Every structure is written in C-alpha cells, then in structure tokens.
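Notes to accompany the following structure.
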Amino acid sequence: MTEPVLEIRDLSKSFGALRVTDGVNLDVRPGEIHALIGPNGAGKSSLIKLVAGEIAANSGSIRFAGQEITGFDQIARARLGLTRTFQVSSLIPEFSARGNVMFAAQARRRSVFGFLGQVARDPELVDEAMQALERVGLADRAGVRVSELSHGEKRLLEIAMALAMRPRIFLMDEPMAGLGQEGSARLVGFLDKLRSEAPILLIEHDMDAVFQLADRISVLVAGRIIARGTADEIRNHPDVRAAYLGEDEA
Ligand SMILES: Nc1ncnc2c1ncn2[C@@H]1O[C@H](COP(=O)(O)OP(=O)(O)OP(=O)(O)O)[C@@H](O)[C@H]1O
C-alpha cells in the first residue's frame, strides 16, 4: 500500500488536567478525504493544531511526507507543505479578496524561497491569486475588500488562500460552517475533486457532507479515537450512534 502522507502515532496533549488528545493514531493517505468527527469539545481542533505545529504535543509522533516532524515548528512544517486552511479571523479585512490570496501565495514563496518580493506589482502573484479565486467561484469578487464580503464568501476565500499555498495536505476545520445549503453543496463538489491534488484531513459538523465525501471517518470522543471506518461502517457503528450521532436524533 502507498505510504501515508501524514502519520500520527500515539499522540497526546493535555491542557493542565484536561487530556484533549489521548493516544491518537491516525493516517491520511494520498488522494483520500479523512474526516474527523466528534461532539463539541472532543479535541478535533486541538488535533489539527498539533499537526500544524500551532501547539506542541506532550508525547507521540507525527510523520509527514516520510519525515519525522514532531519537533518542527509551524514555519518548518509550512515549508514542507503542511499548513492549515486560513480562518476568517486571519483574513486581512482592509485588503481585497485578491490581495489576501496574493498574501498567501507570497507566504508560500517566502517559506520555500526565503525572500519577499513586491507583492502588489508581481504579475505572477496576481495570476496565481486570480486562478485560485476562479477555482472557488470568487473571481468576480477579486477586487472587493474582505470587510465587504459575505460570511460565505469569506469561507471560500480561505479555501482560495489554501490553494495558493499549494500544500501537500489540506487541513480543514469546518469549511462548510455558515455556507448555507447551496454553498455547502458547491463546496462538497469542489472538495471531491480537490482530493486528487492533495489529501484532506477534514473536520466537519455537516454529517451529510462528511458521509458524501469521506473515504474514511475517524470518530473522536474525549480525545480518543473510538471508531474508524467508511461512511457506512460509521453510520451503523453502535458506539458512534451512542456517543455522537445519537445527539442529533435526540
Ligand atoms: N489553549 C487551550 N487551553 C485550555 N484548554 C483548551 C485549549 N484549547 C482547547 N481547550 C479545551 O480542549 C477541549 C477540546 O477543544 P477543541 O477545540 O479541540 O474541541 P473540538 O472537538 O474542536 O470542539 P468543537 O467541535 O466545539 O470545535 C475543550 O474542552 C477546550 O475547552
């Protein structure tokens, strides 16, 4: 079998007495969408932060693209193509949509080539940004300031910025949130194709989207993976129904 792009082994993290990540093992293989689901506070975002290097693990290991990266900081991980999707909170409100994507494309160059060019005048960056905006359906909003974009448009902009980073894996934390039915359906179609470019570790509360997209689903409850399988296996898993899906049926 092909080697996983990301391999998490026996990873643990505590905040004081609270164990948010408790001996987690998880792989993401080339071309797959691996969804991470679980109730609020289960530790999903913390796991993504551990992978991206935003917080440090207490024990365990993370391998990425064949390298041990557990001791690497965020910048070193980004250089290898491991960055998480930008969040609305990290957008620059006074820049245009295009300006934000150029900023992301430039951050990639800086991490790869180690230099800063003149962002605004660089035609290659403009092209790159426009291509990314085109792909998420925001090309006609390129010149609009972020502060004037709708919430759904900002979420799509985050994805465009992630594309501009050209990562070797996409780490996505609730990309569907706030998109509405139509926006979510469009994003599902987009992510479905995106997986062939780079695999996706996807945290998502929209279970319809998860069941449609995920090749495999891992279920996290109180920092531990309690089940893993295909959509059908997870849908019918008794522990999952009790611990998680049951909440929705209540
Ligand atoms: N920096 C921190 N310091 C202390 N506790 C934290 C910190 N970050 C997260 N936590 C706690 O860790 C637990 C897991 O949080 P996390 O955000 O990872 O869960 P989640 O599964 O992503 O939740 P949600 O689905 O609600 O986003 C929560 O109880 C949270 O309050």
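Convention: chains lettered A, B, ... in structure tokens order; per-chain residue numbering from 1; ligands numbered from 1 as shown.
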
Closest pair table for chain A residues within 8 Å of ligand 1, only C-alpha atoms and all ligand atoms, as a tab-separated table:
```
residue	atom	partner	partner_atom_place_in_ligand_line	distance
A:Phe15	CA	ligand 1	4 (C)	4.9
A:Gly16	CA	ligand 1	4 (C)	7.3
A:Leu18	CA	ligand 1	12 (O)	7.0
A:Arg19	CA	ligand 1	12 (O)	7.6
A:Val20	CA	ligand 1	12 (O)	5.1
A:Ile37	CA	ligand 1	21 (O)	7.9
A:Gly38	CA	ligand 1	21 (O)	6.2
A:Pro39	CA	ligand 1	25 (O)	5.9
A:Asn40	CA	ligand 1	26 (O)	3.5
A:Gly41	CA	ligand 1	19 (O)	3.5
A:Ala42	CA	ligand 1	21 (O)	3.8
A:Gly43	CA	ligand 1	18 (O)	3.2
A:Lys44	CA	ligand 1	21 (O)	3.8
A:Ser45	CA	ligand 1	22 (O)	3.6
A:Ser46	CA	ligand 1	18 (O)	3.6
A:Leu47	CA	ligand 1	18 (O)	6.5
A:His205	CA	ligand 1	25 (O)	7.4
A:Leu220	CA	ligand 1	21 (O)	7.7
A:Ala222	CA	ligand 1	14 (C)	7.8
A:Gly223	CA	ligand 1	14 (C)	7.5
```

Restricted to C-alpha atoms, what would the selected residues look like written as a CSV table (one decimal), in the first residue's frame?
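Wrote result07.csv, looks like this:
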```csv
chain,number,residue,atom,x,y,z
A,15,PHE,CA,-4.0,21.4,29.0
A,16,GLY,CA,-3.5,21.2,32.7
A,18,LEU,CA,-7.6,18.1,30.7
A,19,ARG,CA,-6.4,15.5,28.2
A,20,VAL,CA,-7.5,16.8,24.8
A,37,ILE,CA,-15.9,13.9,13.6
A,38,GLY,CA,-16.9,14.1,17.2
A,39,PRO,CA,-19.0,16.0,19.7
A,40,ASN,CA,-18.2,19.6,20.7
A,41,GLY,CA,-15.0,19.8,22.8
A,42,ALA,CA,-13.9,16.3,21.7
A,43,GLY,CA,-10.5,17.7,20.7
A,44,LYS,CA,-10.8,17.9,16.9
A,45,SER,CA,-9.4,21.4,16.5
A,46,SER,CA,-6.6,20.7,19.0
A,47,LEU,CA,-5.6,17.7,16.8
A,205,HIS,CA,-20.1,19.0,11.6
A,220,LEU,CA,-13.0,11.3,18.3
A,222,ALA,CA,-12.9,13.0,24.8
A,223,GLY,CA,-9.6,13.0,23.0
```

Run DSSP on the backbone and grab whatever in segment 29-86 of chain A lands in alpha helix (DSSP H); send it over as JSON, numbers by chain.
{"A": [44, 45, 46, 47, 48, 49, 50, 51, 52, 74, 75, 76, 77, 78, 79]}

Sorted by chain and rising residue number, which residues of segment 125-200 of chain A lie within 10 Å of segment 78-81 of chain A, and what are their closest atom pairs and distances in Å to one decimal, counting only C-alpha atoms, as CSV?
```
residue,atom,partner,partner_atom,distance
A:Met165,CA,A:Gly81,CA,7.8
A:Arg166,CA,A:Gly81,CA,7.0
A:Pro167,CA,A:Gly81,CA,4.3
A:Arg168,CA,A:Gly81,CA,4.9
A:Ile169,CA,A:Gly81,CA,7.0
A:Phe170,CA,A:Gly81,CA,9.1
```

As an exercise, work out the distance from atom CA of Leu201 of chain A to atom CA of Glu7 of chain A in Å and give it to one decimal place.
11.6 Å

Straight-line distance linking atom CA of Ile234 of chain A with atom CA of Asp192 of chain A, stated in Å to one decimal:
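Interatomic distance, atom CA of Ile234 of chain A to atom CA of Asp192 of chain A: 19.4 Å.
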
With only C-alpha atoms as the counted atoms, please give the residues lying no more than 7 Å from Gly143 of chain A, apart from itself and same-chain residues fewer than 3 positions off, as an NGL selection string.
:A and (96-98)

Which of segment 19-230 of chain A counts as strand (DSSP E or B) under DSSP, as a PyMOL selection string please?
chain A and resi 19-28+33-37+59-64+67-68+82-84+96+145+169-173+200-203+216-221+224-229

Long-range neighbours of segment 224-232 of chain A as a compact mmCIF listing (two decimals) with N, CA and C atoms, in the first residue's frame, 12 Å cut-off, only C-alpha atoms, 2 positions minimum in chain:
```txt
# COMPACT_ATOMS: atom_id res chain seq x y z
N ILE A 8 0.10 9.91 12.29
CA ILE A 8 0.09 10.36 13.69
C ILE A 8 0.14 9.11 14.56
N ARG A 9 1.10 9.05 15.47
CA ARG A 9 1.27 7.86 16.31
C ARG A 9 1.24 8.20 17.79
N ASP A 10 0.26 7.62 18.47
CA ASP A 10 0.19 7.67 19.93
C ASP A 10 0.36 9.09 20.47
N LEU A 11 -0.32 10.02 19.84
CA LEU A 11 -0.15 11.43 20.16
C LEU A 11 -1.01 11.84 21.36
N SER A 12 -0.40 12.55 22.29
CA SER A 12 -1.16 13.02 23.46
C SER A 12 -0.84 14.47 23.75
N LYS A 13 -1.86 15.15 24.26
CA LYS A 13 -1.71 16.56 24.64
C LYS A 13 -2.67 16.86 25.79
N ARG A 19 -7.06 16.17 29.27
CA ARG A 19 -6.36 15.47 28.19
C ARG A 19 -7.18 15.65 26.90
N VAL A 20 -6.74 16.55 26.04
CA VAL A 20 -7.53 16.83 24.83
C VAL A 20 -7.20 15.86 23.71
N THR A 21 -5.98 15.28 23.76
CA THR A 21 -5.57 14.30 22.76
C THR A 21 -4.98 13.15 23.55
N ASP A 22 -5.55 11.95 23.34
CA ASP A 22 -5.23 10.86 24.25
C ASP A 22 -4.83 9.61 23.46
N GLY A 23 -3.56 9.53 23.13
CA GLY A 23 -3.05 8.35 22.41
C GLY A 23 -3.64 8.18 21.03
N VAL A 24 -3.70 9.27 20.28
CA VAL A 24 -4.34 9.22 18.94
C VAL A 24 -3.40 8.64 17.88
N ASN A 25 -3.93 7.69 17.10
CA ASN A 25 -3.26 7.17 15.90
C ASN A 25 -4.14 7.51 14.71
N LEU A 26 -3.56 8.08 13.69
CA LEU A 26 -4.36 8.44 12.52
C LEU A 26 -3.44 8.63 11.31
N ASP A 27 -3.88 8.11 10.16
CA ASP A 27 -3.13 8.28 8.90
C ASP A 27 -3.99 9.03 7.90
N GLU A 32 -6.93 10.75 -0.40
CA GLU A 32 -8.14 10.49 0.40
C GLU A 32 -8.64 11.72 1.14
N ILE A 33 -9.94 11.66 1.43
CA ILE A 33 -10.50 12.60 2.40
C ILE A 33 -10.75 11.79 3.67
N HIS A 34 -10.03 12.17 4.71
CA HIS A 34 -10.19 11.51 6.00
C HIS A 34 -10.90 12.49 6.92
N ALA A 35 -12.12 12.16 7.28
CA ALA A 35 -12.89 13.08 8.13
C ALA A 35 -12.70 12.74 9.59
N LEU A 36 -12.64 13.79 10.40
CA LEU A 36 -12.53 13.64 11.84
C LEU A 36 -13.79 14.24 12.44
N ILE A 37 -14.61 13.38 13.04
CA ILE A 37 -15.86 13.89 13.61
C ILE A 37 -15.86 13.62 15.11
N GLY A 38 -16.80 14.25 15.79
CA GLY A 38 -16.90 14.06 17.24
C GLY A 38 -17.67 15.20 17.85
N PRO A 39 -18.21 14.98 19.06
CA PRO A 39 -19.01 16.03 19.69
C PRO A 39 -18.19 17.28 20.01
N GLY A 41 -16.01 19.89 21.73
CA GLY A 41 -15.03 19.75 22.81
C GLY A 41 -14.30 18.42 22.80
N ALA A 42 -14.50 17.59 21.76
CA ALA A 42 -13.85 16.27 21.71
C ALA A 42 -12.34 16.38 21.49
N GLY A 43 -11.90 17.53 20.94
CA GLY A 43 -10.47 17.71 20.72
C GLY A 43 -10.09 17.71 19.25
N LYS A 44 -11.06 17.93 18.37
CA LYS A 44 -10.79 17.89 16.93
C LYS A 44 -9.87 19.05 16.51
N LEU A 47 -6.35 18.67 17.64
CA LEU A 47 -5.56 17.72 16.85
C LEU A 47 -5.01 18.40 15.59
N MET A 207 -22.91 16.43 8.71
CA MET A 207 -22.73 14.99 8.52
C MET A 207 -23.08 14.54 7.11
N ASP A 208 -24.00 15.24 6.46
CA ASP A 208 -24.31 14.87 5.06
C ASP A 208 -23.05 15.03 4.21
N ALA A 209 -22.36 16.16 4.42
CA ALA A 209 -21.14 16.42 3.67
C ALA A 209 -20.09 15.35 3.99
N VAL A 210 -19.94 15.03 5.27
CA VAL A 210 -18.94 14.04 5.68
C VAL A 210 -19.24 12.69 5.04
N PHE A 211 -20.51 12.26 5.11
CA PHE A 211 -20.85 10.95 4.56
C PHE A 211 -20.71 10.91 3.04
N GLN A 212 -20.91 12.04 2.39
CA GLN A 212 -20.73 12.08 0.94
C GLN A 212 -19.27 12.02 0.55
N LEU A 213 -18.43 12.72 1.34
CA LEU A 213 -17.05 12.94 0.89
C LEU A 213 -16.02 11.96 1.41
N ALA A 214 -16.20 11.52 2.66
CA ALA A 214 -15.07 10.87 3.33
C ALA A 214 -14.81 9.47 2.82
N ASP A 215 -13.55 9.18 2.52
CA ASP A 215 -13.13 7.81 2.24
C ASP A 215 -13.11 7.03 3.55
N ARG A 216 -12.61 7.71 4.59
CA ARG A 216 -12.62 7.11 5.93
C ARG A 216 -13.01 8.18 6.93
N ILE A 217 -13.60 7.73 8.01
CA ILE A 217 -14.02 8.64 9.08
C ILE A 217 -13.44 8.13 10.39
N SER A 218 -12.81 9.04 11.14
CA SER A 218 -12.38 8.70 12.50
C SER A 218 -13.25 9.48 13.47
N VAL A 219 -13.67 8.78 14.52
CA VAL A 219 -14.58 9.41 15.49
C VAL A 219 -13.82 9.67 16.78
N LEU A 220 -13.75 10.93 17.15
CA LEU A 220 -13.00 11.34 18.34
C LEU A 220 -14.00 11.69 19.44
N VAL A 221 -13.80 11.08 20.60
CA VAL A 221 -14.64 11.40 21.76
C VAL A 221 -13.70 11.56 22.95
N ALA A 222 -13.77 12.70 23.61
CA ALA A 222 -12.92 12.99 24.77
C ALA A 222 -11.44 12.68 24.48
N ILE A 234 -19.37 3.67 9.85
CA ILE A 234 -19.52 4.63 10.95
C ILE A 234 -21.00 4.92 11.23
N ARG A 235 -21.76 5.02 10.17
CA ARG A 235 -23.20 5.27 10.33
C ARG A 235 -23.86 4.21 11.20
N ASN A 236 -23.39 2.97 11.03
CA ASN A 236 -24.03 1.85 11.72
C ASN A 236 -23.28 1.38 12.96
N HIS A 237 -22.25 2.10 13.34
CA HIS A 237 -21.43 1.68 14.48
C HIS A 237 -22.17 2.01 15.78
N PRO A 238 -22.42 0.98 16.61
CA PRO A 238 -23.23 1.24 17.81
C PRO A 238 -22.61 2.28 18.76
N ASP A 239 -21.28 2.22 18.96
CA ASP A 239 -20.64 3.17 19.89
C ASP A 239 -20.76 4.59 19.36
N VAL A 240 -20.67 4.72 18.04
CA VAL A 240 -20.73 6.06 17.45
C VAL A 240 -22.14 6.60 17.58
N ARG A 241 -23.11 5.76 17.32
CA ARG A 241 -24.50 6.21 17.44
C ARG A 241 -24.76 6.69 18.86
N ALA A 242 -24.26 5.92 19.83
CA ALA A 242 -24.48 6.28 21.23
C ALA A 242 -23.74 7.57 21.59
N ALA A 243 -22.47 7.64 21.16
CA ALA A 243 -21.62 8.74 21.63
C ALA A 243 -21.83 10.03 20.85
N TYR A 244 -22.28 9.89 19.62
CA TYR A 244 -22.23 11.08 18.79
C TYR A 244 -23.48 11.30 17.97
```

Neighbouring residues of segment 176-186 of chain A were defined as those with any atom within 10 Å, considering only C-alpha atoms; residues of the same chain fewer than 3 positions away were excluded. Please report them as a tab-separated table (two decimals) with N, CA and C atoms, in the first residue's frame.
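The file below, around.tsv, is the result:
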```
chain	number	residue	atom	x	y	z
A	136	VAL	N	-12.59	28.75	-6.82
A	136	VAL	CA	-13.63	28.70	-5.77
A	136	VAL	C	-14.86	29.54	-6.14
A	137	GLY	N	-14.85	30.09	-7.35
A	137	GLY	CA	-16.02	30.85	-7.81
A	137	GLY	C	-16.06	32.29	-7.29
A	150	SER	N	-19.51	38.61	2.07
A	150	SER	CA	-20.41	37.90	2.97
A	150	SER	C	-19.61	36.83	3.72
A	151	HIS	N	-20.24	36.27	4.75
A	151	HIS	CA	-19.54	35.24	5.52
A	151	HIS	C	-19.17	34.05	4.62
A	152	GLY	N	-20.13	33.64	3.78
A	152	GLY	CA	-19.89	32.51	2.89
A	152	GLY	C	-18.73	32.79	1.94
A	153	GLU	N	-18.68	34.03	1.44
A	153	GLU	CA	-17.58	34.39	0.53
A	153	GLU	C	-16.23	34.36	1.26
A	154	LYS	N	-16.26	34.77	2.52
A	154	LYS	CA	-15.01	34.74	3.29
A	154	LYS	C	-14.53	33.30	3.47
A	155	ARG	N	-15.49	32.39	3.68
A	155	ARG	CA	-15.10	30.99	3.84
A	155	ARG	C	-14.46	30.45	2.55
A	156	LEU	N	-15.03	30.86	1.41
A	156	LEU	CA	-14.46	30.42	0.13
A	156	LEU	C	-13.08	31.05	-0.09
A	172	MET	N	-8.50	21.04	7.12
A	172	MET	CA	-9.66	21.93	7.06
A	172	MET	C	-10.53	21.76	8.30
A	173	ASP	N	-10.78	22.88	8.97
A	173	ASP	CA	-11.58	22.87	10.19
A	173	ASP	C	-12.93	23.52	9.88
A	189	GLY	N	-18.78	19.48	-3.92
A	189	GLY	CA	-18.34	19.14	-5.28
A	189	GLY	C	-16.88	19.51	-5.49
A	190	PHE	N	-16.49	20.65	-4.95
A	190	PHE	CA	-15.13	21.14	-5.12
A	190	PHE	C	-14.12	20.26	-4.35
A	191	LEU	N	-14.45	19.95	-3.10
A	191	LEU	CA	-13.53	19.14	-2.29
A	191	LEU	C	-13.39	17.72	-2.86
A	192	ASP	N	-14.49	17.25	-3.43
A	192	ASP	CA	-14.48	15.93	-4.03
A	192	ASP	C	-13.39	15.83	-5.10
A	203	ILE	N	-12.30	18.30	9.34
A	203	ILE	CA	-13.20	18.36	10.50
A	203	ILE	C	-14.48	19.01	10.01
A	204	GLU	N	-15.59	18.34	10.23
A	204	GLU	CA	-16.83	18.92	9.73
A	204	GLU	C	-18.02	18.42	10.55
A	205	HIS	N	-18.89	19.37	10.91
A	205	HIS	CA	-20.10	19.00	11.65
A	205	HIS	C	-21.25	18.64	10.73
A	206	ASP	N	-21.15	19.05	9.45
A	206	ASP	CA	-22.22	18.75	8.49
A	206	ASP	C	-22.08	17.28	8.07
A	208	ASP	N	-24.00	15.24	6.46
A	208	ASP	CA	-24.31	14.87	5.06
A	208	ASP	C	-23.05	15.03	4.21
A	209	ALA	N	-22.36	16.16	4.42
A	209	ALA	CA	-21.14	16.42	3.67
A	209	ALA	C	-20.09	15.35	3.99
```
